[in-house]
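Contents: one structure, followed by commentary.
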Amino acid sequence: MITPKTYNMKRILGIFAGLSLAASLFAGGAIFDFKDPSGVSNLKFDMTAPVESISGTADGITGSVHFDAAHPGETKGSLVVSTSSIMVPKSKMREHIMGAMWMDAKKYPELKFELTNLADVKDAGDGTFKGKAKGVMTLKGVAQELDAVVTIKHLVGKLGAKLPGKKGDLLVVSGTLVVNRDDFNINAGQKLDKVANDIHIALNLVGYAEM
């Protein structure tokens, strides 16, 4: 038997279910996959010390980001870089970088950036937004808050230009950030004449959202 109390409870639950469905139907934006099938996404890094300058790249980038052009400040997601994808010109140097004193690739096969929001967002027009990506970098088991200065280009309906036959949007992200290797216990305080403490990183990424 359905009592008034039971009826009211079912009615309340029904209202909440309807609100949840409406929220899911009308929520803006899309989730962009940053595993780039074209292999274009990469980061470049530079370390300029008194005696030597080291530069390299990494392209083992995956992750996903939720972006809504109507609310760019609420952008959230995570990006992951495979440690083994880090490349430098000299093979011997790369062996050292992969070793336990430096990146310790066997123990820490990836580094991760958790994006919490975009601050100081400016709409530059034509789907382009500039701002400060705020989040947490986890590297060698150490988590630190970091900011990156970024430019985000939301290319509506341009997925087919990268992946023929697909319909959807692209999200192109470029930016810069500085990682202090002492903060992440990357051979902290050592070899400073040859290996700079500050690692300057430039991002060039593309995300895909199929519609």
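Chains: A, B, ... in order of the structure tokens. Residues: from 1 per chain. Ligands: from 1, in order shown.
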
As a tab-separated table (two decimals) with N, CA and C atoms, in the first residue's frame, which residues of region 7-190 of chain A does DSSP assign to strand (DSSP E)?
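Okay, this is what ended up in part.tsv:
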chain	number	residue	atom	x	y	z
A	30	ALA	N	32.59	20.01	-23.47
A	30	ALA	CA	32.87	18.64	-23.89
A	30	ALA	C	34.17	18.18	-23.25
A	31	ILE	N	34.37	16.88	-23.24
A	31	ILE	CA	35.61	16.31	-22.75
A	31	ILE	C	36.53	16.06	-23.94
A	32	PHE	N	37.72	16.63	-23.87
A	32	PHE	CA	38.69	16.52	-24.95
A	32	PHE	C	39.77	15.50	-24.58
A	33	ASP	N	39.98	14.55	-25.48
A	33	ASP	CA	40.99	13.51	-25.29
A	33	ASP	C	42.32	14.01	-25.83
A	42	ASN	N	53.34	17.69	-28.08
A	42	ASN	CA	54.67	17.53	-27.49
A	42	ASN	C	54.91	18.61	-26.46
A	43	LEU	N	55.93	18.40	-25.67
A	43	LEU	CA	56.45	19.47	-24.84
A	43	LEU	C	57.95	19.58	-25.09
A	44	LYS	N	58.44	20.79	-24.99
A	44	LYS	CA	59.87	21.06	-25.16
A	44	LYS	C	60.40	21.64	-23.86
A	45	PHE	N	61.60	21.25	-23.48
A	45	PHE	CA	62.16	21.79	-22.25
A	45	PHE	C	63.58	22.30	-22.48
A	46	ASP	N	63.96	23.26	-21.66
A	46	ASP	CA	65.28	23.88	-21.78
A	46	ASP	C	65.83	24.15	-20.39
A	47	MET	N	67.11	23.82	-20.20
A	47	MET	CA	67.78	24.04	-18.92
A	47	MET	C	69.12	24.69	-19.22
A	48	THR	N	69.25	25.97	-18.90
A	48	THR	CA	70.47	26.71	-19.20
A	48	THR	C	71.26	26.95	-17.93
A	53	SER	N	74.03	23.96	-21.68
A	53	SER	CA	72.60	24.14	-21.92
A	53	SER	C	72.03	22.82	-22.43
A	54	ILE	N	70.97	22.36	-21.80
A	54	ILE	CA	70.35	21.10	-22.18
A	54	ILE	C	68.93	21.38	-22.66
A	55	SER	N	68.58	20.80	-23.78
A	55	SER	CA	67.21	20.93	-24.28
A	55	SER	C	66.74	19.56	-24.77
A	56	GLY	N	65.42	19.38	-24.78
A	56	GLY	CA	64.87	18.11	-25.23
A	56	GLY	C	63.38	18.19	-25.44
A	57	THR	N	62.77	17.05	-25.68
A	57	THR	CA	61.34	16.98	-25.95
A	57	THR	C	60.73	15.76	-25.26
A	58	ALA	N	59.41	15.74	-25.22
A	58	ALA	CA	58.65	14.56	-24.79
A	58	ALA	C	57.34	14.56	-25.56
A	61	ILE	N	52.17	11.88	-24.47
A	61	ILE	CA	51.21	12.68	-23.71
A	61	ILE	C	49.80	12.11	-23.86
A	62	THR	N	49.13	11.93	-22.73
A	62	THR	CA	47.74	11.49	-22.71
A	62	THR	C	46.98	12.32	-21.69
A	63	GLY	N	45.69	12.03	-21.55
A	63	GLY	CA	44.88	12.74	-20.57
A	63	GLY	C	43.59	13.25	-21.17
A	64	SER	N	42.78	13.89	-20.35
A	64	SER	CA	41.51	14.45	-20.82
A	64	SER	C	41.21	15.72	-20.05
A	65	VAL	N	40.54	16.64	-20.73
A	65	VAL	CA	40.21	17.95	-20.15
A	65	VAL	C	38.77	18.30	-20.52
A	66	HIS	N	38.00	18.74	-19.53
A	66	HIS	CA	36.66	19.25	-19.80
A	66	HIS	C	36.73	20.75	-20.02
A	67	PHE	N	36.24	21.19	-21.19
A	67	PHE	CA	36.29	22.60	-21.54
A	67	PHE	C	34.93	23.06	-22.03
A	76	LYS	N	38.78	21.85	-16.32
A	76	LYS	CA	39.38	20.89	-15.40
A	76	LYS	C	39.85	19.66	-16.18
A	77	GLY	N	40.79	18.93	-15.58
A	77	GLY	CA	41.24	17.70	-16.22
A	77	GLY	C	42.63	17.31	-15.76
A	78	SER	N	43.25	16.43	-16.50
A	78	SER	CA	44.60	15.99	-16.16
A	78	SER	C	45.36	15.64	-17.42
A	79	LEU	N	46.65	15.89	-17.38
A	79	LEU	CA	47.55	15.54	-18.47
A	79	LEU	C	48.67	14.69	-17.91
A	80	VAL	N	49.03	13.64	-18.65
A	80	VAL	CA	50.05	12.70	-18.21
A	80	VAL	C	51.13	12.61	-19.28
A	81	VAL	N	52.39	12.63	-18.84
A	81	VAL	CA	53.52	12.50	-19.75
A	81	VAL	C	54.31	11.25	-19.38
A	82	SER	N	54.54	10.39	-20.35
A	82	SER	CA	55.35	9.19	-20.12
A	82	SER	C	56.81	9.60	-19.95
A	110	GLU	N	55.66	7.95	-15.12
A	110	GLU	CA	54.94	9.08	-15.69
A	110	GLU	C	54.94	10.27	-14.73
A	111	LEU	N	54.72	11.43	-15.29
A	111	LEU	CA	54.48	12.64	-14.49
A	111	LEU	C	53.09	13.15	-14.86
A	112	LYS	N	52.45	13.80	-13.90
A	112	LYS	CA	51.05	14.17	-14.09
A	112	LYS	C	50.79	15.59	-13.64
A	113	PHE	N	49.94	16.28	-14.41
A	113	PHE	CA	49.48	17.63	-14.04
A	113	PHE	C	47.97	17.61	-13.92
A	114	GLU	N	47.47	17.85	-12.70
A	114	GLU	CA	46.02	17.91	-12.45
A	114	GLU	C	45.58	19.37	-12.54
A	115	LEU	N	44.82	19.68	-13.57
A	115	LEU	CA	44.33	21.04	-13.79
A	115	LEU	C	43.06	21.26	-13.00
A	116	THR	N	43.07	22.27	-12.12
A	116	THR	CA	41.90	22.55	-11.29
A	116	THR	C	41.02	23.66	-11.85
A	117	ASN	N	41.63	24.66	-12.49
A	117	ASN	CA	40.85	25.75	-13.09
A	117	ASN	C	41.77	26.67	-13.87
A	118	LEU	N	41.15	27.57	-14.63
A	118	LEU	CA	41.88	28.64	-15.33
A	118	LEU	C	41.60	29.95	-14.62
A	119	ALA	N	42.66	30.69	-14.30
A	119	ALA	CA	42.51	31.98	-13.63
A	119	ALA	C	42.87	33.11	-14.58
A	120	ASP	N	42.37	34.29	-14.29
A	120	ASP	CA	42.68	35.50	-15.08
A	120	ASP	C	42.40	35.28	-16.56
A	121	VAL	N	41.26	34.66	-16.86
A	121	VAL	CA	40.93	34.32	-18.24
A	121	VAL	C	40.55	35.57	-19.04
A	122	LYS	N	41.11	35.66	-20.23
A	122	LYS	CA	40.77	36.74	-21.15
A	122	LYS	C	40.32	36.14	-22.47
A	123	ASP	N	39.16	36.59	-22.94
A	123	ASP	CA	38.63	36.15	-24.22
A	123	ASP	C	39.26	36.98	-25.32
A	124	ALA	N	40.13	36.35	-26.11
A	124	ALA	CA	40.82	37.07	-27.19
A	124	ALA	C	40.04	37.04	-28.50
A	125	GLY	N	38.87	36.43	-28.48
A	125	GLY	CA	38.03	36.38	-29.66
A	125	GLY	C	38.34	35.19	-30.55
A	128	THR	N	39.50	31.93	-28.92
A	128	THR	CA	40.80	31.90	-28.26
A	128	THR	C	40.70	32.51	-26.86
A	129	PHE	N	41.27	31.79	-25.88
A	129	PHE	CA	41.25	32.25	-24.50
A	129	PHE	C	42.67	32.20	-23.94
A	130	LYS	N	43.02	33.22	-23.17
A	130	LYS	CA	44.33	33.27	-22.53
A	130	LYS	C	44.13	33.31	-21.01
A	131	GLY	N	45.00	32.63	-20.29
A	131	GLY	CA	44.86	32.62	-18.85
A	131	GLY	C	45.98	31.85	-18.17
A	132	LYS	N	45.76	31.58	-16.90
A	132	LYS	CA	46.74	30.88	-16.08
A	132	LYS	C	46.14	29.55	-15.64
A	133	ALA	N	46.72	28.46	-16.12
A	133	ALA	CA	46.26	27.12	-15.74
A	133	ALA	C	46.83	26.78	-14.36
A	134	LYS	N	45.95	26.60	-13.40
A	134	LYS	CA	46.37	26.32	-12.03
A	134	LYS	C	46.13	24.84	-11.73
A	135	GLY	N	47.10	24.22	-11.08
A	135	GLY	CA	46.93	22.81	-10.77
A	135	GLY	C	48.06	22.26	-9.93
A	136	VAL	N	48.15	20.94	-9.91
A	136	VAL	CA	49.14	20.25	-9.10
A	136	VAL	C	49.97	19.32	-10.00
A	137	MET	N	51.28	19.49	-9.97
A	137	MET	CA	52.19	18.62	-10.70
A	137	MET	C	52.69	17.54	-9.75
A	138	THR	N	52.61	16.28	-10.20
A	138	THR	CA	53.16	15.17	-9.44
A	138	THR	C	54.31	14.57	-10.23
A	139	LEU	N	55.50	14.61	-9.66
A	139	LEU	CA	56.71	14.18	-10.34
A	139	LEU	C	57.61	13.49	-9.33
A	142	VAL	N	56.40	13.41	-5.79
A	142	VAL	CA	56.24	14.69	-5.09
A	142	VAL	C	55.17	15.51	-5.79
A	143	ALA	N	54.22	16.03	-5.03
A	143	ALA	CA	53.15	16.86	-5.58
A	143	ALA	C	53.36	18.32	-5.18
A	144	GLN	N	53.33	19.21	-6.18
A	144	GLN	CA	53.52	20.64	-5.94
A	144	GLN	C	52.52	21.43	-6.76
A	145	GLU	N	52.00	22.50	-6.18
A	145	GLU	CA	51.13	23.40	-6.93
A	145	GLU	C	51.96	24.18	-7.95
A	146	LEU	N	51.46	24.23	-9.18
A	146	LEU	CA	52.16	24.95	-10.25
A	146	LEU	C	51.15	25.69	-11.12
A	147	ASP	N	51.61	26.77	-11.73
A	147	ASP	CA	50.80	27.52	-12.69
A	147	ASP	C	51.49	27.48	-14.05
A	148	ALA	N	50.68	27.47	-15.09
A	148	ALA	CA	51.20	27.57	-16.45
A	148	ALA	C	50.45	28.68	-17.17
A	149	VAL	N	51.16	29.50	-17.90
A	149	VAL	CA	50.54	30.53	-18.72
A	149	VAL	C	50.15	29.88	-20.04
A	150	VAL	N	48.84	29.90	-20.37
A	150	VAL	CA	48.37	29.14	-21.52
A	150	VAL	C	47.51	29.98	-22.47
A	151	THR	N	47.48	29.52	-23.71
A	151	THR	CA	46.54	30.01	-24.71
A	151	THR	C	45.76	28.81	-25.21
A	152	ILE	N	44.44	28.90	-25.16
A	152	ILE	CA	43.57	27.80	-25.58
A	152	ILE	C	42.76	28.26	-26.79
A	153	LYS	N	42.80	27.46	-27.86
A	153	LYS	CA	42.01	27.76	-29.06
A	153	LYS	C	40.97	26.66	-29.23
A	154	HIS	N	39.70	27.04	-29.16
A	154	HIS	CA	38.60	26.11	-29.34
A	154	HIS	C	38.17	26.17	-30.81
A	155	LEU	N	38.49	25.11	-31.54
A	155	LEU	CA	38.20	25.07	-32.97
A	155	LEU	C	36.95	24.23	-33.20
A	168	GLY	N	33.42	16.82	-34.89
A	168	GLY	CA	33.64	17.28	-33.54
A	168	GLY	C	34.55	18.49	-33.49
A	169	ASP	N	35.08	18.77	-32.31
A	169	ASP	CA	35.89	19.96	-32.08
A	169	ASP	C	37.33	19.60	-31.73
A	170	LEU	N	38.19	20.58	-31.89
A	170	LEU	CA	39.58	20.47	-31.45
A	170	LEU	C	39.83	21.51	-30.36
A	171	LEU	N	40.76	21.19	-29.48
A	171	LEU	CA	41.20	22.14	-28.45
A	171	LEU	C	42.72	22.19	-28.51
A	172	VAL	N	43.24	23.30	-29.00
A	172	VAL	CA	44.69	23.46	-29.16
A	172	VAL	C	45.22	24.29	-28.00
A	173	VAL	N	46.19	23.73	-27.30
A	173	VAL	CA	46.73	24.37	-26.10
A	173	VAL	C	48.22	24.62	-26.26
A	174	SER	N	48.64	25.85	-26.06
A	174	SER	CA	50.06	26.18	-26.00
A	174	SER	C	50.30	26.91	-24.69
A	175	GLY	N	51.51	26.78	-24.16
A	175	GLY	CA	51.77	27.43	-22.89
A	175	GLY	C	53.18	27.21	-22.40
A	176	THR	N	53.48	27.85	-21.28
A	176	THR	CA	54.81	27.75	-20.69
A	176	THR	C	54.68	27.60	-19.17
A	177	LEU	N	55.62	26.89	-18.58
A	177	LEU	CA	55.71	26.79	-17.13
A	177	LEU	C	57.15	26.49	-16.74
A	178	VAL	N	57.46	26.70	-15.48
A	178	VAL	CA	58.80	26.45	-14.97
A	178	VAL	C	58.71	25.45	-13.83
A	179	VAL	N	59.51	24.39	-13.92
A	179	VAL	CA	59.58	23.37	-12.88
A	179	VAL	C	60.96	23.45	-12.23
A	180	ASN	N	60.98	23.55	-10.92
A	180	ASN	CA	62.23	23.60	-10.17
A	180	ASN	C	62.60	22.18	-9.76

Item to check | Those in region 7-178 of chain A with helix (DSSP H, G or I) from DSSP, as a count of residues only | outcome: 38

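Going from CA of Ser84 (chain A) over to CA of Asp104 (chain A), you cover 9.8 Å.
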